[in-house]
Each structure stands twice: as structure tokens, then as C-alpha cells.
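Data from input23.txt: compact mmCIF, C-alpha atoms
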# COMPACT_ATOMS: atom_id res chain seq x y z
CA MET A 1 11.05 3.63 -96.40
CA LYS A 2 11.22 6.39 -93.77
CA THR A 3 10.89 10.06 -94.67
CA ILE A 4 13.06 12.76 -93.06
CA LEU A 5 12.28 16.44 -93.49
CA ILE A 6 15.29 18.73 -93.04
CA LEU A 7 14.13 22.20 -92.04
CA GLY A 8 16.88 24.44 -93.41
CA GLY A 9 17.93 21.64 -95.76
CA TYR A 10 19.82 23.93 -98.13
CA GLY A 11 21.86 25.81 -95.52
CA GLN A 12 25.52 25.20 -94.67
CA THR A 13 24.83 22.25 -92.37
CA GLY A 14 21.53 21.18 -93.93
CA ARG A 15 23.05 20.33 -97.29
CA LEU A 16 25.74 18.23 -95.61
CA LEU A 17 23.09 16.41 -93.56
CA ALA A 18 21.27 15.61 -96.80
CA HIS A 19 24.46 14.40 -98.47
CA TYR A 20 25.42 12.04 -95.64
CA LEU A 21 21.84 10.82 -95.09
CA LEU A 22 21.66 9.77 -98.75
CA ASP A 23 24.87 7.79 -98.37
CA GLU A 24 24.18 6.35 -94.92
CA THR A 25 20.44 5.58 -94.97
CA GLU A 26 17.71 4.54 -97.38
CA CYS A 27 15.39 7.36 -96.32
CA ARG A 28 13.48 9.76 -98.51
CA LEU A 29 14.47 13.38 -97.86
CA ILE A 30 12.50 16.62 -98.01
CA LEU A 31 14.51 19.85 -98.09
CA ALA A 32 12.24 22.45 -96.50
CA GLY A 33 12.42 26.18 -95.92
CA ARG A 34 10.72 29.46 -96.69
CA ARG A 35 12.24 29.57 -100.19
CA PRO A 36 12.05 26.02 -101.58
CA GLU A 37 13.20 27.23 -105.01
CA ARG A 38 16.67 27.64 -103.44
CA GLY A 39 16.71 23.91 -102.76
CA ALA A 40 15.66 22.78 -106.24
CA ALA A 41 19.18 22.65 -107.70
CA LEU A 42 20.50 20.94 -104.57
CA ALA A 43 17.70 18.35 -104.71
CA ALA A 44 18.52 17.65 -108.36
CA ALA A 45 22.22 17.20 -107.55
CA LEU A 46 21.44 14.92 -104.62
CA ASN A 47 19.11 12.79 -106.73
CA ALA A 48 21.86 12.45 -109.32
CA GLN A 49 24.22 11.41 -106.49
CA ALA A 50 21.71 8.79 -105.31
CA GLY A 51 20.86 7.56 -108.82
CA GLN A 52 17.14 7.76 -107.98
CA GLU A 53 14.48 10.27 -106.96
CA ARG A 54 14.80 10.32 -103.18
CA VAL A 55 14.94 14.08 -102.54
CA THR A 56 12.15 16.63 -102.91
CA THR A 57 11.61 20.19 -101.66
CA ALA A 58 8.78 21.81 -99.71
CA ALA A 59 7.80 25.24 -98.43
CA ALA A 60 7.92 25.51 -94.65
CA ASP A 61 7.76 28.48 -92.28
CA ALA A 62 8.96 27.83 -88.73
CA ALA A 63 6.64 30.57 -87.46
CA ASP A 64 3.48 28.99 -88.95
CA LEU A 65 2.22 26.19 -86.69
CA ASP A 66 -0.64 24.96 -88.87
CA GLY A 67 1.30 25.23 -92.12
CA LEU A 68 4.33 23.45 -90.71
CA ALA A 69 2.20 20.69 -89.18
CA HIS A 70 0.59 20.19 -92.59
CA THR A 71 4.02 19.95 -94.25
CA LEU A 72 5.17 17.44 -91.61
CA ALA A 73 2.16 15.17 -92.13
CA GLY A 74 3.47 11.74 -93.16
CA VAL A 75 7.05 12.60 -92.17
CA ASP A 76 8.83 10.24 -89.76
CA LEU A 77 11.53 12.61 -88.49
CA ALA A 78 11.76 16.41 -88.49
CA LEU A 79 15.46 17.32 -88.54
CA ILE A 80 15.85 20.97 -87.54
CA ALA A 81 18.94 22.54 -89.12
CA SER A 82 17.67 26.09 -89.61
CA SER A 83 18.29 29.32 -87.72
CA THR A 84 14.86 29.20 -86.10
CA ALA A 85 15.52 28.79 -82.37
CA THR A 86 13.23 31.75 -81.67
CA HIS A 87 10.37 29.69 -83.12
CA GLY A 88 11.41 26.51 -81.34
CA GLU A 89 8.10 25.90 -79.57
CA THR A 90 6.15 26.33 -82.80
CA VAL A 91 8.37 23.77 -84.55
CA ALA A 92 8.18 21.31 -81.65
CA ARG A 93 4.38 21.60 -81.40
CA ALA A 94 4.05 21.17 -85.16
CA ALA A 95 6.02 17.92 -84.92
CA LEU A 96 3.75 16.73 -82.10
CA ALA A 97 0.63 17.69 -84.06
CA ALA A 98 1.91 15.84 -87.14
CA GLY A 99 2.89 12.77 -85.10
CA CYS A 100 6.55 12.73 -86.14
CA ASP A 101 9.80 12.43 -84.22
CA TYR A 102 12.19 15.36 -83.88
CA LEU A 103 15.94 16.12 -83.79
CA ASP A 104 17.49 19.60 -83.64
CA ILE A 105 21.03 20.92 -83.96
CA GLN A 106 20.39 24.26 -82.27
CA TYR A 107 22.13 25.44 -79.11
CA ALA A 108 19.89 27.65 -76.99
CA ALA A 109 19.05 27.44 -73.29
CA ALA A 110 15.52 28.76 -73.92
CA LYS A 111 14.90 25.97 -76.46
CA VAL A 112 16.00 23.27 -74.02
CA ALA A 113 13.81 24.76 -71.26
CA MET A 114 10.85 24.83 -73.66
CA LEU A 115 11.35 21.19 -74.65
CA GLN A 116 11.63 20.19 -71.00
CA ARG A 117 8.25 21.84 -70.38
CA LEU A 118 6.85 19.84 -73.30
CA ALA A 119 8.47 16.59 -72.11
CA PRO A 120 5.24 15.19 -70.54
CA GLU A 121 3.36 15.80 -73.81
CA ILE A 122 6.19 14.22 -75.81
CA GLU A 123 6.08 11.16 -73.54
CA ARG A 124 2.29 10.83 -73.71
CA ALA A 125 2.38 11.10 -77.50
CA GLY A 126 5.00 8.33 -77.69
CA ARG A 127 7.32 10.55 -79.72
CA CYS A 128 11.11 10.54 -79.65
CA PHE A 129 12.57 14.06 -79.41
CA ILE A 130 16.37 14.48 -79.52
CA THR A 131 17.87 17.91 -78.82
CA ASP A 132 21.31 19.55 -78.89
CA GLY A 133 22.58 17.51 -81.84
CA GLY A 134 25.94 18.06 -83.51
CA PHE A 135 29.43 17.85 -82.03
CA HIS A 136 29.22 20.46 -79.27
CA PRO A 137 26.68 20.16 -77.98
CA GLY A 138 26.07 16.58 -79.04
CA LEU A 139 29.27 14.59 -78.43
CA PRO A 140 30.98 15.55 -75.14
CA ALA A 141 28.67 13.48 -72.90
CA ALA A 142 28.89 10.55 -75.32
CA LEU A 143 32.70 10.69 -75.16
CA VAL A 144 32.64 10.57 -71.36
CA ARG A 145 30.25 7.61 -71.48
CA TYR A 146 32.54 5.89 -73.99
CA ALA A 147 35.50 6.36 -71.64
CA ALA A 148 33.56 5.12 -68.60
CA ALA A 149 33.24 1.68 -70.20
CA ARG A 150 37.04 1.47 -70.44
CA PHE A 151 37.78 2.24 -66.81
CA ASP A 152 37.00 0.30 -63.67
CA ARG A 153 36.73 3.69 -62.01
CA LEU A 154 36.51 6.87 -64.08
CA GLU A 155 37.40 9.84 -61.88
CA ARG A 156 38.19 12.79 -64.13
CA ALA A 157 36.85 13.40 -67.66
CA ASN A 158 37.10 16.79 -69.34
CA VAL A 159 36.33 17.56 -72.98
CA GLY A 160 37.91 20.43 -74.90
CA SER A 161 37.37 21.83 -78.38
CA VAL A 162 39.07 23.98 -80.98
CA ILE A 163 37.13 25.39 -83.93
CA ALA A 164 39.42 27.20 -86.36
CA ILE A 165 37.42 28.40 -89.37
CA ASP A 166 38.18 30.76 -92.24
CA TRP A 167 35.06 32.78 -91.46
CA ALA A 168 35.68 35.19 -94.33
CA ALA A 169 35.20 32.35 -96.82
CA LEU A 170 31.73 31.42 -95.52
CA ASP A 171 28.49 32.72 -97.01
CA LEU A 172 26.40 33.07 -93.86
CA GLY A 173 23.08 34.88 -93.84
CA PRO A 174 22.28 37.60 -91.29
CA GLU A 175 19.81 35.34 -89.44
CA THR A 176 22.50 32.70 -88.92
CA LYS A 177 24.95 35.30 -87.62
CA VAL A 178 22.38 36.80 -85.25
CA GLU A 179 21.41 33.38 -83.88
CA PHE A 180 25.08 32.47 -83.41
CA VAL A 181 25.78 35.61 -81.40
CA ALA A 182 22.49 35.30 -79.49
CA GLU A 183 23.99 32.16 -77.97
CA PHE A 184 26.33 34.48 -76.04
CA MET A 185 23.31 35.51 -73.95
CA ASP A 186 23.03 31.90 -72.78
CA PHE A 187 26.76 31.48 -72.16
CA ASP A 188 27.37 30.02 -68.75
CA SER A 189 30.39 28.34 -67.19
CA ARG A 190 29.68 25.34 -64.95
CA VAL A 191 31.91 22.39 -64.12
CA PHE A 192 31.47 19.39 -61.84
CA ARG A 193 34.04 19.35 -59.06
CA ASP A 194 34.11 18.09 -55.47
CA GLY A 195 30.77 16.36 -55.79
CA ARG A 196 28.72 19.26 -57.15
CA TRP A 197 28.19 21.45 -60.19
CA GLN A 198 29.90 24.80 -59.65
CA LYS A 199 29.36 28.01 -61.57
CA LEU A 200 32.59 29.73 -62.51
CA GLY A 201 32.83 33.50 -62.48
CA LEU A 202 34.46 35.81 -65.01
CA MET A 203 37.77 35.48 -63.18
CA SER A 204 37.94 31.86 -64.34
CA MET A 205 38.80 33.21 -67.81
CA ALA A 206 42.12 34.35 -66.35
CA LYS A 207 42.89 30.73 -65.36
CA PRO A 208 41.70 28.65 -68.32
CA LEU A 209 42.19 24.90 -68.57
CA THR A 210 44.74 23.91 -71.21
CA PHE A 211 44.53 20.97 -73.61
CA ASP A 212 47.29 19.64 -75.83
CA PHE A 213 45.36 19.12 -79.08
CA GLY A 214 48.36 17.81 -80.97
CA PRO A 215 49.58 19.13 -84.32
CA PRO A 216 48.83 21.54 -85.85
CA PHE A 217 47.01 23.25 -82.95
CA GLY A 218 49.22 22.29 -80.00
CA ARG A 219 48.42 23.43 -76.48
CA ARG A 220 45.43 25.78 -76.25
CA ALA A 221 43.71 27.55 -73.38
CA CYS A 222 39.98 26.78 -73.11
CA ILE A 223 37.20 28.16 -70.91
CA ALA A 224 34.33 26.19 -69.41
CA MET A 225 31.01 26.17 -71.28
CA THR A 226 27.83 24.69 -69.82
CA LEU A 227 26.20 21.90 -71.83
CA GLY A 228 22.93 20.40 -70.59
CA GLU A 229 23.91 16.95 -71.84
CA MET A 230 26.65 16.80 -69.19
CA ASP A 231 24.34 17.32 -66.20
CA ALA A 232 23.36 13.67 -65.75
CA LEU A 233 26.90 12.27 -66.01
CA PRO A 234 27.78 12.30 -62.27
CA GLU A 235 24.59 10.35 -61.53
CA CYS A 236 25.25 7.87 -64.35
CA ILE A 237 28.95 7.52 -63.43
CA PRO A 238 29.11 7.78 -59.60
CA SER A 239 32.91 7.57 -59.50
CA LEU A 240 33.29 10.89 -61.37
CA ARG A 241 34.94 13.60 -59.31
CA GLU A 242 35.44 16.11 -62.12
CA THR A 243 33.90 16.68 -65.54
CA GLY A 244 33.11 19.58 -67.83
CA PHE A 245 33.24 20.93 -71.37
CA TYR A 246 35.77 23.59 -72.39
CA VAL A 247 35.87 25.60 -75.59
CA GLY A 248 38.78 27.36 -77.25
CA GLY A 249 38.53 30.85 -78.67
CA PHE A 250 38.48 32.39 -82.15
CA ASN A 251 41.51 34.71 -82.19
CA TRP A 252 43.11 37.12 -79.75
CA VAL A 253 41.12 40.17 -80.92
CA SER A 254 37.75 38.40 -80.77
CA ASP A 255 38.53 36.60 -77.52
CA TRP A 256 39.94 39.42 -75.42
CA PHE A 257 38.23 42.51 -76.85
CA VAL A 258 35.20 41.90 -79.07
CA SER A 259 33.54 38.90 -77.38
CA PRO A 260 33.59 40.48 -73.87
CA LEU A 261 32.17 43.69 -75.38
CA VAL A 262 29.44 41.66 -77.11
CA MET A 263 28.54 39.87 -73.87
CA VAL A 264 28.24 43.14 -71.97
CA GLY A 265 26.21 44.75 -74.75
CA LEU A 266 23.80 41.83 -74.90
CA LYS A 267 23.19 42.09 -71.15
CA LEU A 268 22.52 45.84 -71.35
CA ALA A 269 20.27 46.02 -74.43
CA PRO A 270 19.85 42.61 -76.12
CA ARG A 271 17.08 43.53 -78.56
CA ARG A 272 18.51 46.83 -79.72
CA LEU A 273 22.16 45.76 -79.91
CA LEU A 274 21.92 42.14 -81.10
CA SER A 275 22.19 42.81 -84.85
CA PRO A 276 25.04 45.38 -84.72
CA LEU A 277 26.92 43.25 -82.21
CA ALA A 278 26.53 40.21 -84.46
CA ARG A 279 28.08 42.18 -87.32
CA LEU A 280 30.94 43.30 -85.07
CA GLN A 281 31.57 39.77 -83.80
CA PHE A 282 31.68 38.25 -87.27
CA TRP A 283 33.85 41.09 -88.57
CA SER A 284 36.47 40.31 -85.90
CA MET A 285 36.22 36.56 -86.49
CA ALA A 286 36.69 36.97 -90.25
CA ARG A 287 39.27 39.77 -90.12
CA PHE A 288 41.68 38.11 -87.70
CA ALA A 289 41.23 34.40 -88.47
CA ARG A 290 44.50 32.70 -89.32
CA PRO A 291 45.41 29.16 -90.41
CA PRO A 292 45.71 26.35 -89.53
CA TYR A 293 42.01 25.67 -89.94
CA GLY A 294 40.16 22.63 -88.67
CA THR A 295 38.14 21.29 -85.77
CA VAL A 296 39.15 19.14 -82.82
CA LEU A 297 37.13 17.62 -79.99
CA GLN A 298 39.21 15.92 -77.32
CA LEU A 299 38.54 13.97 -74.14
CA ALA A 300 41.14 13.76 -71.38
CA ALA A 301 40.25 11.12 -68.79
CA THR A 302 41.94 9.58 -65.75
CA GLY A 303 40.97 6.89 -63.29
CA GLN A 304 41.69 3.28 -62.38
CA ARG A 305 41.80 0.02 -64.34
CA ASP A 306 42.96 -3.39 -63.12
CA GLY A 307 44.02 -1.84 -59.82
CA ALA A 308 46.39 0.69 -61.39
CA PRO A 309 46.14 4.33 -62.54
CA HIS A 310 44.82 4.57 -66.10
CA THR A 311 44.60 7.47 -68.58
CA MET A 312 42.83 8.00 -71.86
CA THR A 313 43.04 10.72 -74.51
CA LEU A 314 40.37 10.46 -77.22
CA ARG A 315 40.69 12.92 -80.12
CA LEU A 316 38.24 13.59 -82.97
CA THR A 317 39.37 15.79 -85.87
CA HIS A 318 37.96 17.02 -89.16
CA ASP A 319 38.95 19.81 -91.53
CA ASP A 320 35.35 21.11 -91.77
CA ALA A 321 33.40 22.17 -88.66
CA TYR A 322 30.12 21.91 -90.57
CA ALA A 323 30.89 18.32 -91.54
CA LEU A 324 31.80 17.54 -87.93
CA THR A 325 28.38 18.92 -86.97
CA ALA A 326 26.48 16.90 -89.58
CA ILE A 327 28.30 13.56 -89.24
CA PRO A 328 27.38 12.76 -85.59
CA VAL A 329 23.77 13.77 -86.29
CA VAL A 330 23.59 11.30 -89.17
CA ALA A 331 25.24 8.63 -86.98
CA CYS A 332 22.57 9.30 -84.35
CA VAL A 333 19.82 9.10 -86.99
CA ARG A 334 21.15 5.67 -87.97
CA GLN A 335 20.60 4.54 -84.38
CA TRP A 336 17.11 6.06 -84.38
CA LEU A 337 16.35 4.12 -87.58
CA ALA A 338 17.77 0.86 -86.24
CA GLY A 339 15.63 1.10 -83.11
CA PRO A 340 14.15 0.18 -80.82
CA ARG A 341 12.29 3.49 -80.62
CA ARG A 342 12.89 5.33 -77.36
CA PRO A 343 10.04 7.77 -76.70
CA GLY A 344 10.71 10.84 -74.59
CA LEU A 345 13.04 13.84 -74.62
CA TRP A 346 16.76 13.17 -74.97
CA PHE A 347 20.01 15.02 -75.44
CA GLN A 348 21.93 13.53 -78.38
CA GLY A 349 24.91 13.05 -76.06
CA GLN A 350 22.77 10.84 -73.80
CA TYR A 351 20.62 9.15 -76.48
CA ALA A 352 23.34 7.76 -78.73
CA GLU A 353 25.21 4.53 -77.96
CA PRO A 354 28.81 5.80 -77.91
CA GLU A 355 30.75 2.96 -79.55
CA ALA A 356 28.40 2.64 -82.53
CA LEU A 357 28.29 6.44 -82.83
CA LEU A 358 32.08 6.75 -83.02
CA GLY A 359 32.42 3.79 -85.37
CA ASP A 360 29.94 5.32 -87.81
CA MET A 361 31.63 8.70 -87.56
CA ALA A 362 35.01 7.14 -88.36
CA ARG A 363 33.55 5.58 -91.49
CA MET A 364 32.13 8.96 -92.55
CA GLY A 365 35.53 10.61 -92.42
CA VAL A 366 36.18 11.79 -88.86
CA ALA A 367 39.72 10.94 -87.73
CA ILE A 368 39.44 9.35 -84.29
CA THR A 369 42.52 8.41 -82.28
CA THR A 370 42.88 7.14 -78.74
CA GLU A 371 45.83 6.85 -76.41
CA GLU A 372 45.37 4.79 -73.26
CA SER A 373 48.15 4.91 -70.68
CA GLY A 374 50.66 5.74 -73.42
CA GLN A 375 49.44 3.22 -76.01
CA PRO A 376 48.09 4.99 -79.14
CA SER A 377 45.46 3.46 -81.45
CA ARG A 378 43.08 4.55 -84.19
CA MET A 379 39.33 4.02 -84.17
CA ARG A 380 38.25 1.34 -86.62
CA PRO A 381 35.32 2.41 -88.82
CA ARG A 382 32.05 0.62 -88.12
CA PRO A 383 30.76 -1.43 -91.08
CA ALA A 384 27.78 0.05 -92.93
CA LEU A 385 24.42 -1.55 -92.29

I need this file expressed as C-alpha cells, please.
Amino acid sequence: MKTILILGGYGQTGRLLAHYLLDETECRLILAGRRPERGAALAAALNAQAGQERVTTAAADAADLDGLAHTLAGVDLALIASSTATHGETVARAALAAGCDYLDIQYAAAKVAMLQRLAPEIERAGRCFITDGGFHPGLPAALVRYAAARFDRLERANVGSVIAIDWAALDLGPETKVEFVAEFMDFDSRVFRDGRWQKLGLMSMAKPLTFDFGPPFGRRACIAMTLGEMDALPECIPSLRETGFYVGGFNWVSDWFVSPLVMVGLKLAPRRLLSPLARLQFWSMARFARPPYGTVLQLAATGQRDGAPHTMTLRLTHDDAYALTAIPVVACVRQWLAGPRRPGLWFQGQYAEPEALLGDMARMGVAITTEESGQPSRMRPRPAL
């Protein structure tokens, strides 16, 4: 029986990862963090859910290399669900020292660059490291790869997202808020057009791409957001002429006033202003959030099949953005468990086999619908192993 340690296992996403992993795998779980007593009640509830003792807790500090390596000894997979991107290299090196595989759900350009520097060591150690897990990042590249198998020639494939959350109802700690807003420092807009990746300037926000997300969200304007998992797609799918990921906003106050102010402030004085700007950003997100709430990830693709123009719209929806983050990670873990092991550094969106990934996600509660050249259908859940 494999053992998975979830760093941050009693946070918003960590507890959902534990819940789905109990249902979808036979693994033992360790809920780890700096205050393991916070996870004791959750571990007891999860063990009651499983009907056996499969969940324990452990103390773990992402800033303590030796201590974390000791905690990871005997663990098969370190699943990083905590707000610890600033200690990313310590966590990655601890996993290497302990001889375990690694999967994170953090979005940070500095973390990806660090892992790419470590890639030769990861390869030599024969470890499998998967980064940028979740739904974005995590799924857009997999959706494009899924579509490519259904076209003779895939030419255009863009992915858009809406995340509508009642932020006021969430109990998020200050570290989580700061790390969320720190991602604004890495925000970059690149799309693949005319045979090359192009960086879009601020003026591109005045001409956003629109997606029709269907009811209840309808047509929304989205701006381009760079995801590392997308970079290899034009090489893997030579017929592609256009691809990119686009994200919708929070609300009109956050999008047009607060978020631009936060971006400017983080460029001017990131260390001094990060905490107050994080409070301002979350105040605007909570104060002006309005229903309907839910999360959508949607692929719009065009190309050729059987000598004729062909289109595909693939839509994934879930009421809970945290569940839509956890579910694809657990589906990816199922593929890691099933093997064969694939040593090296991977993006989740490139590691996971798309059809199995989507089938598992459908079984775990994600609504997945497709429409190809006007013919709608619903994704059939993949049978459990």
C-alpha cells in the first residue's frame, strides 16, 4: 500500500484531496503541517469515512529541510497543497533527499524555474515530479491534447475559465491570501499565434477574448494568462495556429480598479506592499462578489476532420472551485499509481493521459459536456479501478 503525505492536508484544498484520495485509491494518507493538532479531528473523520485507520497526522515545516526530509522518509508521494511556494526549493530538495515522488498545486513562476533547474537531479534520482496541478494550471493543456485526438487537423484551441466564488464565506488564512496575490507579480499574457508565442501588452485588456460559457454565466470577457504547461503544445501538435489560456475576472470593482492598482503596487514595492495589497484585493473580491457562483473551464477548438471543417466545445463545470482543483489532482494521482512510473519533471497538463483524466473527473462529480460540430454529448464517467 502506497503512502501519500499531503503538506497542508487540513487546508481548504488539502482536506478535499484527502477525501477524494480515500474514495479513489487504497493509499495511506498523512496530513502534515506546522500544527498537526489541527488535523487530528479531520483525520478521525476521514478514518470513520474509510471504515479503517488509513489517515494519520505529522508535524512538518516547509522551511526545515532536514526535518521535512525526515518526515518524508518512507513516503511514496509528497502532495504539496500548502501556501509554501516561497519555500519551494526546500520542499523539493526534501523530497529528493527522502527518495519520494512529488506533486504540487501551487502556481508560481519562480517555483517552476526552480524545479527546471533541479530537473537534472530529479532525472538522475529516478524520481517523478509533477508541477502545476489543479484545474488552472493543470487542465488546459490536457484539454487541448484531448481535442487533438478528435481532429485530423487541429488549428485553433483556446481555453477560458470563470471562477465565481462567494469569497466572504471562505475562511482563508493571511498566508493563503498573500500567496494568492503574490501570483499577480508573475502575471504574464502570452498566446500562440502566427507560428510563435507572443506577449500581449496591457492594451490587450481593452480587447479581451469572449467565451460563451452557457447558463448561468453566459458570454464573458477573458484576458490571456500564461501557463507553462501550454508551451510545448505547438511542438506536440504541429497543425496548431493559435492556442492560449484566458481567465475571467472577479467583479467589476476588482477587475477595473483594485487589481490594476495591486499590480502596479507590487511592481513598485513588492515586499512592503504585499500584505496590505492582499487585504485590499480580498476585501474587493468579498465585498462585490455576486451570484451565480461556480467554476467553468471551457475549450473552444476548430480544425478539420474527414476533409471538412470541424468544431468542438468542451465544458467542465463544478459548483466548488476547491473541488475542481482537487479532483483533477486525484485523477492524476490515480495515473501515477497505475504506472508505469515516468521519472523526470512534468506539468500535470502534459503528464496526464487526457481521456482517462476526464473520465475519472466525471465520476468524481465534474459535469463534462462536449459539442462537436453542433452535436452535443455528455462525458461518460470512467469506471473505478

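Remark: for Ser284 in chain A, the closest of the candidate residues A:Leu209, A:Leu22, A:Ala331, A:Ala168 is A:Ala168 (distances computed over all atoms listed in the file).
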
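Of note, CA of Gln335 in chain A and CA of Ala352 in chain A are spaced 7.1 Å apart.
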
As a check of understanding: the span from CA of Ala95 in chain A to CA of Leu337 in chain A is 17.4 Å

query: So how many Å separate CA of Ala92 in chain A and CA of Lys2 in chain A, to one decimal?
result: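 Separation between CA of Ala92 in chain A and CA of Lys2 in chain A: 19.5 Å.
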
- Item | Counting all atoms listed in the file, the option among A:Leu357, A:Val296, A:Leu233, A:Ile368 closest to Ala148 in chain A |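 Of A:Leu357, A:Val296, A:Leu233, A:Ile368, the one nearest Ala148 in chain A is A:Leu233, counting all atoms listed in the file.
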
In terms of all atoms listed in the file, the residue from A:Asp255, A:Glu123, A:Asp132, A:Glu183 at minimal distance from Cys332 in chain A is A:Asp132

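Look at range 44-53 of chain A: the protein and nucleic acid residues within 9 Å of it, using only C-alpha atoms and passing over chain neighbours fewer than 5 places away, are A:Ala18, A:His19, A:Leu22, A:Asp23, A:Arg28, A:Gly39.
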
Between A:Asp306, A:Glu24, A:Glu229, A:Asp61, smallest distance to Gln350 in chain A by only C-alpha atoms belongs to A:Glu229

Query raised in the report: Of the candidates A:Leu96, A:Ala321, A:Ala356, A:Ala164, which one gets nearest to Asp66 in chain A if we count only C-alpha atoms?
Result: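 Ranking A:Leu96, A:Ala321, A:Ala356, A:Ala164 by distance to Asp66 in chain A, first place goes to A:Leu96.
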
| said: With all atoms listed in the file as the counted atoms, please give the residues lying no more than 9 Å from Asp231 in chain A, apart from itself and same-chain residues fewer than 4 positions off, as a PyMOL selection string. | reply: chain A and resi 141+192+197+226-227+235

Requested in this report: Write out as a ChimeraX atom specification each polymer residue whose atoms come within 12 Å of Gly307 in chain A, counting only C-alpha atoms; drop sequence neighbours fewer than 3 positions from it.
Outcome: /A:151-153,303-304,310

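Comparing the minimum interatomic distances between Arg145 in chain A and each of A:Leu314, A:Ala308, A:Leu79, A:Leu65, counting all atoms listed in the file, we find that A:Leu314 sits nearest.
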
List as a compact mmCIF listing (two decimals) with C-alpha atoms, in the coordinates of the input: which residues have an atom within 9 Å of (1.1, 22.7, -77.4), counting only C-alpha atoms?
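Full text of part-v7.txt as output:
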# COMPACT_ATOMS: atom_id res chain seq x y z
CA GLU A 89 8.10 25.90 -79.57
CA THR A 90 6.15 26.33 -82.80
CA ALA A 92 8.18 21.31 -81.65
CA ARG A 93 4.38 21.60 -81.40
CA ALA A 94 4.05 21.17 -85.16
CA LEU A 96 3.75 16.73 -82.10
CA ALA A 97 0.63 17.69 -84.06
CA LEU A 118 6.85 19.84 -73.30
CA GLU A 121 3.36 15.80 -73.81

Find the residues of range 75-163 of chain A that sit at most 10 Å from range 240-243 of chain A; for each, write down the nearest two atoms and how far apart they are in Å, to one decimal. Count only C-alpha atoms. Sort by chain, then by number going up, and give it as CSV.
residue,atom,partner,partner_atom,distance
A:Ala141,CA,A:Thr243,CA,9.6
A:Val144,CA,A:Thr243,CA,8.5
A:Ala148,CA,A:Leu240,CA,9.3
A:Arg153,CA,A:Leu240,CA,8.0
A:Leu154,CA,A:Leu240,CA,5.8
A:Glu155,CA,A:Leu240,CA,4.3
A:Arg156,CA,A:Glu242,CA,4.8
A:Ala157,CA,A:Thr243,CA,4.9
A:Asn158,CA,A:Thr243,CA,5.0
A:Val159,CA,A:Thr243,CA,7.9

- What lies within 8 Å of Met361 in chain A using all atoms listed in the file, ignoring chain neighbours under 4 positions off, as a VMD selection string? chain A and resid 327 to 328 331 357 365 to 366 381

field: Nearby residues (all atoms listed in the file) at most 7 Å from Phe129 in chain A, same-chain spacing under 2 positions excluded, as an NGL selection string
entry: :A and (101-103 or 127 or 131 or 344-346)
